[in-house]
Every structure is written in structure tokens, then in C-alpha cells.
file target_31.txt (compact mmCIF, C-alpha atoms)
# COMPACT_ATOMS: atom_id res chain seq x y z
CA MET A 1 151.34 111.59 128.41
CA LYS A 2 154.74 113.04 129.37
CA ASP A 3 156.42 109.62 129.06
CA THR A 4 154.87 109.12 125.63
CA VAL A 5 156.08 112.52 124.41
CA LYS A 6 159.55 111.86 125.84
CA ILE A 7 159.84 108.49 124.08
CA ILE A 8 158.68 109.93 120.75
CA GLU A 9 160.74 113.11 120.81
CA SER A 10 163.88 111.79 122.54
CA PHE A 11 164.20 108.36 120.96
CA LEU A 12 162.05 107.89 117.86
CA LEU A 13 162.21 111.21 116.01
CA PRO A 14 166.00 111.69 116.29
CA ARG A 15 166.42 108.32 114.57
CA TRP A 16 164.25 109.62 111.69
CA ASN A 17 167.18 111.80 110.59
CA LEU A 18 169.59 108.86 110.62
CA VAL A 19 167.70 106.36 108.49
CA LYS A 20 167.90 106.59 104.72
CA SER A 21 164.94 104.75 103.22
CA GLN A 22 161.39 106.06 103.13
CA GLN A 23 160.23 102.66 104.42
CA GLU A 24 162.27 103.09 107.60
CA LYS A 25 161.01 106.67 108.05
CA ASP A 26 157.40 105.49 107.64
CA GLU A 27 157.97 102.77 110.25
CA ILE A 28 159.24 105.32 112.79
CA ASN A 29 156.19 107.50 112.18
CA ARG A 30 153.90 104.49 112.50
CA LEU A 31 155.43 103.57 115.86
CA ALA A 32 155.01 107.17 117.08
CA ASP A 33 151.33 107.12 116.09
CA GLU A 34 150.78 103.80 117.85
CA LEU A 35 152.34 105.17 121.03
CA ARG A 36 150.07 108.22 120.90
CA LYS A 37 146.99 106.06 120.45
CA ALA A 38 148.00 103.63 123.21
CA SER A 39 148.46 106.50 125.67
CA GLY A 40 145.10 108.03 124.75
CA GLN A 41 146.88 111.13 123.49
CA SER A 42 145.99 110.99 119.84
CA PRO A 43 144.51 114.43 118.97
CA HIS A 44 141.24 114.92 117.11
CA LEU A 45 142.96 117.33 114.73
CA SER A 46 146.56 118.33 114.00
CA PHE A 47 147.70 121.17 111.77
CA SER A 48 150.51 123.65 111.27
CA VAL A 49 150.44 127.42 110.79
CA VAL A 50 153.32 129.22 109.10
CA SER A 51 153.46 132.76 107.78
CA ASP A 52 155.76 135.27 106.15
CA ILE A 53 157.60 132.65 104.14
CA HIS A 54 158.56 135.34 101.56
CA VAL A 55 159.46 132.88 98.84
CA GLN A 56 160.74 135.00 95.94
CA TYR A 57 162.01 133.43 92.73
CA TRP A 58 165.57 134.72 93.30
CA ASP A 59 165.89 134.26 97.10
CA THR A 60 167.54 130.90 97.69
CA GLN A 61 167.72 131.45 101.46
CA ALA A 62 163.95 131.90 101.79
CA GLN A 63 163.40 128.94 99.48
CA GLY A 64 165.70 126.79 101.60
CA LYS A 65 164.05 127.78 104.87
CA PHE A 66 160.57 127.01 103.58
CA SER A 67 161.77 123.67 102.20
CA ALA A 68 163.33 122.81 105.58
CA ALA A 69 160.08 123.73 107.35
CA LEU A 70 158.07 121.39 105.12
CA GLU A 71 160.54 118.58 105.71
CA ASP A 72 160.54 119.09 109.48
CA LEU A 73 156.75 119.17 109.67
CA TYR A 74 156.50 115.91 107.75
CA ARG A 75 159.12 114.35 109.99
CA LEU A 76 157.14 115.41 113.05
CA ASN A 77 153.79 114.15 111.79
CA PRO A 78 153.22 112.79 108.28
CA ASN A 79 149.48 112.75 108.99
CA LEU A 80 148.90 116.46 109.60
CA ASP A 81 145.35 117.39 108.62
CA ALA A 82 146.29 120.79 107.20
CA LEU A 83 148.98 123.36 106.59
CA VAL A 84 147.98 127.04 106.73
CA ILE A 85 150.28 129.55 105.03
CA ASN A 86 149.03 132.73 106.66
CA GLY A 87 150.10 135.43 104.21
CA ASP A 88 153.21 136.98 102.66
CA LEU A 89 153.87 134.09 100.33
CA GLY A 90 156.26 136.14 98.17
CA ASP A 91 156.13 139.56 96.50
CA GLY A 92 153.05 138.92 94.39
CA ARG A 93 154.81 138.23 91.09
CA SER A 94 153.98 135.25 88.90
CA ASP A 95 157.57 133.99 89.17
CA ASP A 96 157.32 134.04 92.98
CA TYR A 97 154.13 131.96 92.90
CA ALA A 98 155.74 129.57 90.40
CA MET A 99 158.73 129.07 92.71
CA LEU A 100 156.45 128.47 95.69
CA ASN A 101 154.43 125.88 93.78
CA SER A 102 157.60 124.12 92.62
CA ILE A 103 158.74 123.77 96.24
CA LEU A 104 155.35 122.49 97.37
CA GLN A 105 155.46 119.82 94.66
CA LYS A 106 158.78 118.48 95.94
CA TYR A 107 157.66 117.56 99.45
CA PRO A 108 154.93 115.38 100.95
CA LEU A 109 152.23 117.72 102.22
CA PRO A 110 149.33 117.54 104.65
CA LYS A 111 145.92 116.58 103.30
CA THR A 112 145.05 120.22 102.58
CA VAL A 113 147.03 123.45 102.20
CA TYR A 114 145.24 126.75 102.89
CA TYR A 115 146.39 130.28 102.10
CA THR A 116 145.58 133.80 103.23
CA LEU A 117 146.52 136.98 101.40
CA GLY A 118 149.18 139.18 103.03
CA ASN A 119 150.30 142.73 102.30
CA HIS A 120 153.28 141.46 100.28
CA GLU A 121 150.89 139.82 97.81
CA PHE A 122 150.32 143.42 96.60
CA TYR A 123 154.04 144.20 96.18
CA LYS A 124 154.21 143.73 92.41
CA ALA A 125 153.05 147.36 92.37
CA TYR A 126 156.54 148.37 93.54
CA TYR A 127 158.30 146.85 90.51
CA LYS A 128 158.67 148.47 87.10
CA SER A 129 159.51 145.05 85.73
CA ASN A 130 159.88 141.64 87.33
CA ALA A 131 163.20 142.59 88.94
CA ASP A 132 163.27 146.40 88.83
CA TRP A 133 162.26 147.66 92.31
CA SER A 134 160.83 151.16 91.85
CA PRO A 135 158.68 152.45 94.74
CA SER A 136 158.98 156.02 93.41
CA THR A 137 156.83 155.05 90.42
CA PHE A 138 154.25 153.08 92.45
CA PRO A 139 151.90 151.48 91.38
CA ASN A 140 153.74 150.82 88.11
CA GLY A 141 150.54 149.99 86.24
CA GLU A 142 149.42 147.40 88.82
CA SER A 143 145.96 147.62 90.39
CA ASP A 144 145.22 146.10 93.78
CA ARG A 145 142.50 144.03 92.10
CA ALA A 146 145.08 142.56 89.70
CA SER A 147 147.23 141.52 92.68
CA ILE A 148 144.23 139.82 94.28
CA GLU A 149 143.30 138.01 91.07
CA ARG A 150 146.86 136.73 90.67
CA PHE A 151 146.83 135.42 94.26
CA LEU A 152 143.49 133.67 93.70
CA SER A 153 144.62 132.16 90.42
CA HIS A 154 147.87 130.71 91.75
CA THR A 155 146.38 129.40 95.01
CA GLU A 156 143.26 128.10 93.24
CA ILE A 157 140.80 129.61 95.70
CA SER A 158 137.75 131.64 94.76
CA SER A 159 137.85 134.52 97.26
CA VAL A 160 140.21 136.17 99.73
CA TYR A 161 137.72 135.14 102.41
CA TYR A 162 136.42 131.58 102.65
CA ASN A 163 135.85 128.78 105.15
CA SER A 164 136.36 125.05 105.55
CA TRP A 165 135.52 122.30 107.99
CA ILE A 166 138.30 119.93 109.03
CA GLN A 167 137.46 116.91 111.18
CA GLY A 168 134.37 118.80 112.36
CA TYR A 169 136.26 121.98 113.31
CA HIS A 170 135.54 125.31 111.65
CA PHE A 171 138.37 127.12 109.85
CA ILE A 172 137.64 130.68 108.66
CA PHE A 173 140.06 132.59 106.42
CA LEU A 174 139.98 136.38 106.02
CA GLY A 175 141.92 138.68 103.69
CA SER A 176 142.39 142.30 102.67
CA GLU A 177 140.33 143.53 99.72
CA GLN A 178 142.24 146.76 99.11
CA TYR A 179 145.76 148.10 99.07
CA ARG A 180 147.24 151.58 98.70
CA GLN A 181 146.00 152.07 95.15
CA SER A 182 142.44 152.28 96.46
CA ASP A 183 143.37 154.42 99.46
CA PRO A 184 146.95 155.43 100.49
CA ALA A 185 145.73 155.55 104.10
CA ASN A 186 145.37 151.75 104.04
CA TYR A 187 149.16 151.55 104.44
CA GLU A 188 150.01 147.84 105.02
CA ASP A 189 146.79 147.12 106.92
CA ALA A 190 144.08 144.62 106.05
CA TRP A 191 140.98 146.32 104.63
CA LEU A 192 137.82 144.27 105.20
CA SER A 193 134.61 145.19 103.40
CA SER A 194 131.22 145.30 105.09
CA ALA A 195 130.31 142.29 102.94
CA GLN A 196 133.26 140.31 104.35
CA LEU A 197 132.41 141.29 107.92
CA SER A 198 128.75 140.32 107.43
CA TRP A 199 129.87 137.01 105.95
CA LEU A 200 132.16 136.46 108.96
CA GLN A 201 129.31 137.09 111.39
CA LYS A 202 127.21 134.42 109.67
CA LYS A 203 130.07 131.94 109.51
CA LEU A 204 130.84 132.29 113.22
CA GLN A 205 127.22 131.37 113.91
CA GLU A 206 127.21 128.43 111.47
CA ASN A 207 126.88 125.13 113.35
CA TYR A 208 128.20 126.87 116.46
CA SER A 209 128.98 124.50 119.31
CA PRO A 210 129.87 125.85 122.78
CA HIS A 211 133.39 124.99 123.97
CA ARG A 212 134.40 123.82 120.49
CA PRO A 213 137.27 125.91 119.07
CA MET A 214 136.88 127.95 115.88
CA PHE A 215 140.05 128.93 114.07
CA VAL A 216 140.12 132.32 112.33
CA PHE A 217 143.06 133.35 110.16
CA LEU A 218 144.15 136.78 108.94
CA HIS A 219 147.66 137.85 107.99
CA GLN A 220 147.55 141.11 109.96
CA PRO A 221 146.94 141.10 113.74
CA LEU A 222 144.62 143.36 115.69
CA GLN A 223 146.43 146.47 116.91
CA GLY A 224 147.98 146.36 120.38
CA THR A 225 147.53 142.63 120.95
CA VAL A 226 150.18 140.02 120.07
CA SER A 227 153.92 140.63 119.72
CA GLY A 228 154.80 143.45 117.34
CA SER A 229 151.23 144.65 116.78
CA VAL A 230 151.74 148.04 118.46
CA GLU A 231 151.14 150.41 115.56
CA ARG A 232 148.62 149.14 113.02
CA GLY A 233 147.02 146.01 111.61
CA VAL A 234 143.41 146.09 110.44
CA VAL A 235 141.56 149.16 109.18
CA GLN A 236 138.24 147.84 110.52
CA GLN A 237 139.79 146.50 113.71
CA MET A 238 136.99 147.65 116.03
CA GLU A 239 134.33 145.93 113.92
CA LEU A 240 136.41 142.76 113.61
CA LYS A 241 137.21 142.59 117.31
CA GLN A 242 133.56 143.11 118.21
CA LEU A 243 132.50 140.18 116.02
CA LEU A 244 135.17 137.84 117.39
CA SER A 245 134.54 138.85 121.01
CA VAL A 246 131.11 137.24 120.94
CA TYR A 247 132.79 133.83 121.01
CA THR A 248 135.28 132.72 123.64
CA GLU A 249 135.93 129.69 121.41
CA VAL A 250 137.67 131.76 118.71
CA ILE A 251 141.40 131.27 118.24
CA PHE A 252 142.60 134.08 115.96
CA LEU A 253 145.94 133.39 114.25
CA SER A 254 147.99 136.09 112.54
CA GLY A 255 151.46 136.75 111.13
CA HIS A 256 152.82 139.99 109.61
CA THR A 257 154.97 141.22 112.52
CA HIS A 258 157.66 138.48 112.25
CA TRP A 259 158.28 138.78 116.01
CA GLU A 260 159.86 135.64 117.44
CA LEU A 261 157.80 133.07 119.33
CA ARG A 262 159.71 133.07 122.63
CA LEU A 263 158.28 136.51 123.51
CA PRO A 264 155.60 136.57 126.24
CA THR A 265 152.91 138.13 124.03
CA THR A 266 153.00 135.41 121.37
CA LEU A 267 149.62 134.37 122.80
CA VAL A 268 147.17 136.92 124.20
CA ARG A 269 143.77 136.23 125.75
CA ASP A 270 141.03 138.90 125.57
CA VAL A 271 137.65 137.12 125.58
CA PHE A 272 138.98 135.12 122.62
CA THR A 273 142.54 133.91 122.02
CA MET A 274 145.05 135.59 119.67
CA VAL A 275 148.27 133.95 118.50
CA ASN A 276 151.26 135.28 116.56
CA SER A 277 153.05 132.86 114.20
CA SER A 278 156.44 134.62 113.71
CA SER A 279 158.10 134.01 110.31
CA VAL A 280 159.63 131.13 108.43
CA SER A 281 161.99 133.35 106.46
CA SER A 282 163.07 135.97 109.02
CA PRO A 283 161.97 136.13 112.67
CA TYR A 284 162.42 139.54 114.37
CA ASP A 285 163.42 140.41 117.92
CA ASN A 286 161.40 142.68 120.20
CA ASN A 287 163.25 145.72 118.82
CA ASP A 288 161.62 144.95 115.47
CA ARG A 289 164.92 143.91 113.91
CA PRO A 290 165.67 140.72 111.94
CA ILE A 291 167.46 138.06 113.97
CA GLN A 292 170.65 137.20 112.14
CA GLY A 293 171.38 133.61 111.23
CA THR A 294 169.31 130.55 110.52
CA ARG A 295 166.23 131.09 112.70
CA SER A 296 162.96 129.91 111.11
CA GLU A 297 159.72 129.56 113.09
CA GLY A 298 156.11 128.44 112.94
CA LEU A 299 153.35 126.74 114.93
CA VAL A 300 152.11 123.18 115.37
CA ILE A 301 148.59 122.86 116.80
CA ASP A 302 146.93 119.74 118.24
CA VAL A 303 143.25 119.77 119.18
CA TYR A 304 142.00 117.47 121.92
CA GLU A 305 138.59 117.02 123.51
CA ASP A 306 139.32 119.45 126.36
CA ARG A 307 142.11 121.69 125.08
CA VAL A 308 144.08 123.11 122.15
CA HIS A 309 147.83 122.57 122.42
CA ILE A 310 149.83 125.25 120.56
CA ARG A 311 153.60 124.85 120.24
CA GLY A 312 156.26 126.99 118.60
CA ARG A 313 158.75 125.21 116.39
CA ASP A 314 162.25 126.17 115.26
CA PHE A 315 162.45 124.50 111.87
CA TYR A 316 166.21 124.92 111.46
CA THR A 317 167.22 123.26 114.73
CA GLN A 318 164.20 120.92 114.55
CA THR A 319 163.35 121.70 118.16
CA TRP A 320 160.39 123.03 120.10
CA ILE A 321 160.54 126.56 121.50
CA PRO A 322 159.86 126.04 125.24
CA GLU A 323 158.64 129.59 125.83
CA ALA A 324 155.98 129.06 123.16
CA ASP A 325 154.10 126.09 124.61
CA TYR A 326 150.45 126.88 125.34
CA SER A 327 147.43 124.90 126.39
CA VAL A 328 144.13 126.67 125.70
CA SER A 329 141.45 125.10 127.87
CA LEU A 330 138.04 124.44 126.36
call {"tool": "encode", "arguments": {"input": "target_31.txt", "output": "C-alpha cells"}}
result
Amino acid sequence: MKDTVKIIESFLLPRWNLVKSQQEKDEINRLADELRKASGQSPHLSFSVVSDIHVQYWDTQAQGKFSAALEDLYRLNPNLDALVINGDLGDGRSDDYAMLNSILQKYPLPKTVYYTLGNHEFYKAYYKSNADWSPSTFPNGESDRASIERFLSHTEISSVYYNSWIQGYHFIFLGSEQYRQSDPANYEDAWLSSAQLSWLQKKLQENYSPHRPMFVFLHQPLQGTVSGSVERGVVQQMELKQLLSVYTEVIFLSGHTHWELRLPTTLVRDVFTMVNSSSVSSPYDNNDRPIQGTRSEGLVIDVYEDRVHIRGRDFYTQTWIPEADYSVSL
């Protein structure tokens, strides 16, 4: 396996950047796939998780970083089964969604793109107009329900919580149903209704198979778990953690904190597994401050018969983050 990875990453993929034609790029990817198959290391499922992309219609830096991430992911594996954008797509305005969709249309994408709703999807409530930031007049005529409906319309999904099966593996997506308009005490936390939690309980039981991973996504982490989750995260965190703790097979992926992937609490194990996904637009250090420069991070996940391989990726340098290389045994 190590020799196969070395050949692919040291010899084949660097050449991908040098060739010009799509035909030559496709041939390099084909050779990489053949090597994986020949070594018996072809995964059952491969997908990427990114979060906090913060694509706003005016922010060319965020747009460029997200574009570079899409290009790097395709270069790595043009046959990814899915891309999950785990919240904070933009600031919840129609122009932000339009910009995001225009970027997505420019690049070859995995077979399916999934979305979760982050706290910034409610941020239109801080604007008097499209560009006039005015938190003193919050909510500026915007209801939290209107923010949710706009998210659902632009992502073309029917609910902030939903599920999907990919190559026989269960993917479960959760999302906040309230923001500060409904209750100022919600702050930036995810608020999960009893209906959503009941639905989650049923979905975790659906076609359950021991030792087979289930992937659960929510923008906000559980408090006091992964990097940066010290203060808050989910209003109903005790109820959510209790449901997830029934299953050691759960891998719970979150964003929100922006904390960089090299930190030791990127992955935390507590009955089930929790993983932080940093930020494409602006990773933070462990002092909760933005890291200056070009840093842009996300996760690539390969699922094998006996393990889940989770790796952190720096999209700008097109390199793996060695401190964020985890094998979750099944």
C-alpha cells in the first residue's frame, strides 16, 4: 500500500499540474486508479468534506480559495462519490448563493454535492440592504424561516435535515431550525427540534449494520469536543450526544470553529468519533485567530472494508497535512 501511495503522490499527481490537455490529465487519473486496484487498495467509498467556505458575492479571495479546493479535489480523485459542504456557504443572501452556484458550474464535481445549513446562512438578518451591514437594526425584516427557505431553494433540498445512501453507506445531515429571531439565547448554536431528534433516532436504526460506519453531519460541533468547541455548539447537545452514543459506528463531522487541522483534537473519540473540518476560506489557530496568508483546508475520506481513512488537505499547497492523518478501525 505504501509503495502504491508513494508512486501516485510522488510521481503521477505532480505531473497532473504540468500537462495541459484534459486527455493527458484523464490518463494520469486512470493510471492512478489502476494502481490502486492492482494493489487491492481501492476504497469502497471516497468523499470530501469542506466547511466554512464563506463564498460572498464580493469576496474574490473566498471565491478563489473555494475554486482552488474544487480543482485540487478533482486532481486528487476525479471519481469522488460525494462532496459535502458542511455549512457557512456564504452570508445567506441570494447574491451569495448565485456566486456559489456559478463557481460550482465551472468545475467538474463529484457525483453528488450535499449541503448543511450553518449559522451564517442566517446572516442576511444583519444587513439593511444587500451590502449595508447593520447589526444594530437586526433582524432588518428577515425571519429565520425566510433564511431557511432561501437556503433550501438555492441548494434544492427539501429540509434542513435529510439522509442519503452512498455505495451502501448511510449519510445523515442535520441542521438548525431556529436562529436568534426565535430566541436570542440561541446565539450561533444549532437548534434541533424534538421532531428532528426523533427522526435522527429512527434513521440511525435504519438498516443498521454493526461495524459499518454511519456518517452524520452538522455544521456546529458538540461542546467541549473537537478543536475550538470549548464554549458552545448545539442547544440540545445532551440529547444529540445521547442518541449518537448508542452507536460506536457513528462518525460525526462538523465545521464552525475554523480551527486548523494540524491540532491534536481535530479527531476526538468518545464512544463515537467526532471530526473537525477546519475552513476553506480562513483556518484559525488555537488562539482562535485567523491564520494570515493562503491557508485553505478540508478533509478527504476513504472507506475500506476494515477502516475509515481520514486525511486533512491543504488546498493551496496541494499537500496532505501529516498531523491530520487518521485511521478509524471498524
call {"tool": "closest_residue", "arguments": {"input": "target_31.txt", "among": "A:Asn101, A:Ser254, A:Ile301, A:His170", "to": "Asn77 (chain A)", "atoms": "only C-alpha atoms"}}
result
A:Ile301
call {"tool": "residues_near_point", "arguments": {"input": "target_31.txt", "point": "(149.1, 142.7, 96.3)", "cutoff": "8 Å", "atoms": "only C-alpha atoms", "output": "PDB file with C-alpha atoms, in the coordinates of the input"}}
result
ATOM      1  CA  ASP A  91     156.130 139.560  96.500  1.00  0.00           C
ATOM      2  CA  GLY A  92     153.050 138.920  94.390  1.00  0.00           C
ATOM      3  CA  GLY A 118     149.180 139.180 103.030  1.00  0.00           C
ATOM      4  CA  ASN A 119     150.300 142.730 102.300  1.00  0.00           C
ATOM      5  CA  HIS A 120     153.280 141.460 100.280  1.00  0.00           C
ATOM      6  CA  GLU A 121     150.890 139.820  97.810  1.00  0.00           C
ATOM      7  CA  PHE A 122     150.320 143.420  96.600  1.00  0.00           C
ATOM      8  CA  TYR A 123     154.040 144.200  96.180  1.00  0.00           C
ATOM      9  CA  LYS A 124     154.210 143.730  92.410  1.00  0.00           C
ATOM     10  CA  ALA A 125     153.050 147.360  92.370  1.00  0.00           C
ATOM     11  CA  ASP A 144     145.220 146.100  93.780  1.00  0.00           C
ATOM     12  CA  ARG A 145     142.500 144.030  92.100  1.00  0.00           C
ATOM     13  CA  ALA A 146     145.080 142.560  89.700  1.00  0.00           C
ATOM     14  CA  SER A 147     147.230 141.520  92.680  1.00  0.00           C
ATOM     15  CA  ILE A 148     144.230 139.820  94.280  1.00  0.00           C
ATOM     16  CA  PHE A 151     146.830 135.420  94.260  1.00  0.00           C
ATOM     17  CA  TYR A 179     145.760 148.100  99.070  1.00  0.00           C
TER      18      TYR A 179
END
call {"tool": "residues_around", "arguments": {"input": "target_31.txt", "residues": "Ser164 (chain A)", "least_positions_apart": "4", "cutoff": "12 Å", "atoms": "only C-alpha atoms", "output": "short mmCIF file (atom, residue, chain, number, x, y, z; two decimals) with C-alpha atoms, keeping the file's coordinate frame"}}
result
data_model
loop_
_atom_site.label_atom_id
_atom_site.label_comp_id
_atom_site.auth_asym_id
_atom_site.auth_seq_id
_atom_site.Cartn_x
_atom_site.Cartn_y
_atom_site.Cartn_z
CA ALA A 82 146.29 120.79 107.20
CA VAL A 84 147.98 127.04 106.73
CA THR A 112 145.05 120.22 102.58
CA VAL A 113 147.03 123.45 102.20
CA TYR A 114 145.24 126.75 102.89
CA TYR A 115 146.39 130.28 102.10
CA ILE A 157 140.80 129.61 95.70
CA GLY A 168 134.37 118.80 112.36
CA TYR A 169 136.26 121.98 113.31
CA HIS A 170 135.54 125.31 111.65
CA PHE A 171 138.37 127.12 109.85
CA ILE A 172 137.64 130.68 108.66
CA PHE A 173 140.06 132.59 106.42
CA LEU A 174 139.98 136.38 106.02
CA LYS A 203 130.07 131.94 109.51
CA LEU A 204 130.84 132.29 113.22
CA GLU A 206 127.21 128.43 111.47
CA MET A 214 136.88 127.95 115.88
CA PHE A 215 140.05 128.93 114.07
CA VAL A 216 140.12 132.32 112.33
CA PHE A 217 143.06 133.35 110.16
#
call {"tool": "residues_around", "arguments": {"input": "target_31.txt", "residues": "Ser245 (chain A)", "least_positions_apart": "4", "cutoff": "9 Å", "atoms": "only C-alpha atoms", "output": "list in words"}}
result
Leu240, Lys241, Val250, Asp270, Val271 and Phe272 of chain A
call {"tool": "residues_around", "arguments": {"input": "target_31.txt", "residues": "Ala131 (chain A)", "least_positions_apart": "2", "cutoff": "12 Å", "atoms": "all atoms listed in the file", "output": "PyMOL selection string"}}
result
chain A and resi 56-59+91+93-96+123-129+133-134
call {"tool": "residues_around", "arguments": {"input": "target_31.txt", "residues": "Ala62 (chain A)", "least_positions_apart": "6", "cutoff": "7 Å", "atoms": "all atoms listed in the file", "output": "PyMOL selection string"}}
result
chain A and resi 53-55+281
call {"tool": "closest_residue", "arguments": {"input": "target_31.txt", "among": "A:Asn86, A:Asn79, A:Gln178, A:Thr319", "to": "Ser51 (chain A)", "atoms": "all atoms listed in the file"}}
result
A:Asn86
call {"tool": "closest_residue", "arguments": {"input": "target_31.txt", "among": "A:Val235, A:Leu330, A:Leu70, A:Leu18", "to": "Ser209 (chain A)", "atoms": "all atoms listed in the file"}}
result
A:Leu330
call {"tool": "atom_distance", "arguments": {"input": "target_31.txt", "atom1": "CA of Gln61 (chain A)", "atom2": "CA of Ser21 (chain A)"}}
result
26.9 Å
call {"tool": "atom_distance", "arguments": {"input": "target_31.txt", "atom1": "CA of Glu231 (chain A)", "atom2": "CA of Leu263 (chain A)"}}
result
17.5 Å
call {"tool": "atom_distance", "arguments": {"input": "target_31.txt", "atom1": "CA of Thr294 (chain A)", "atom2": "CA of Asp88 (chain A)"}}
result
19.0 Å
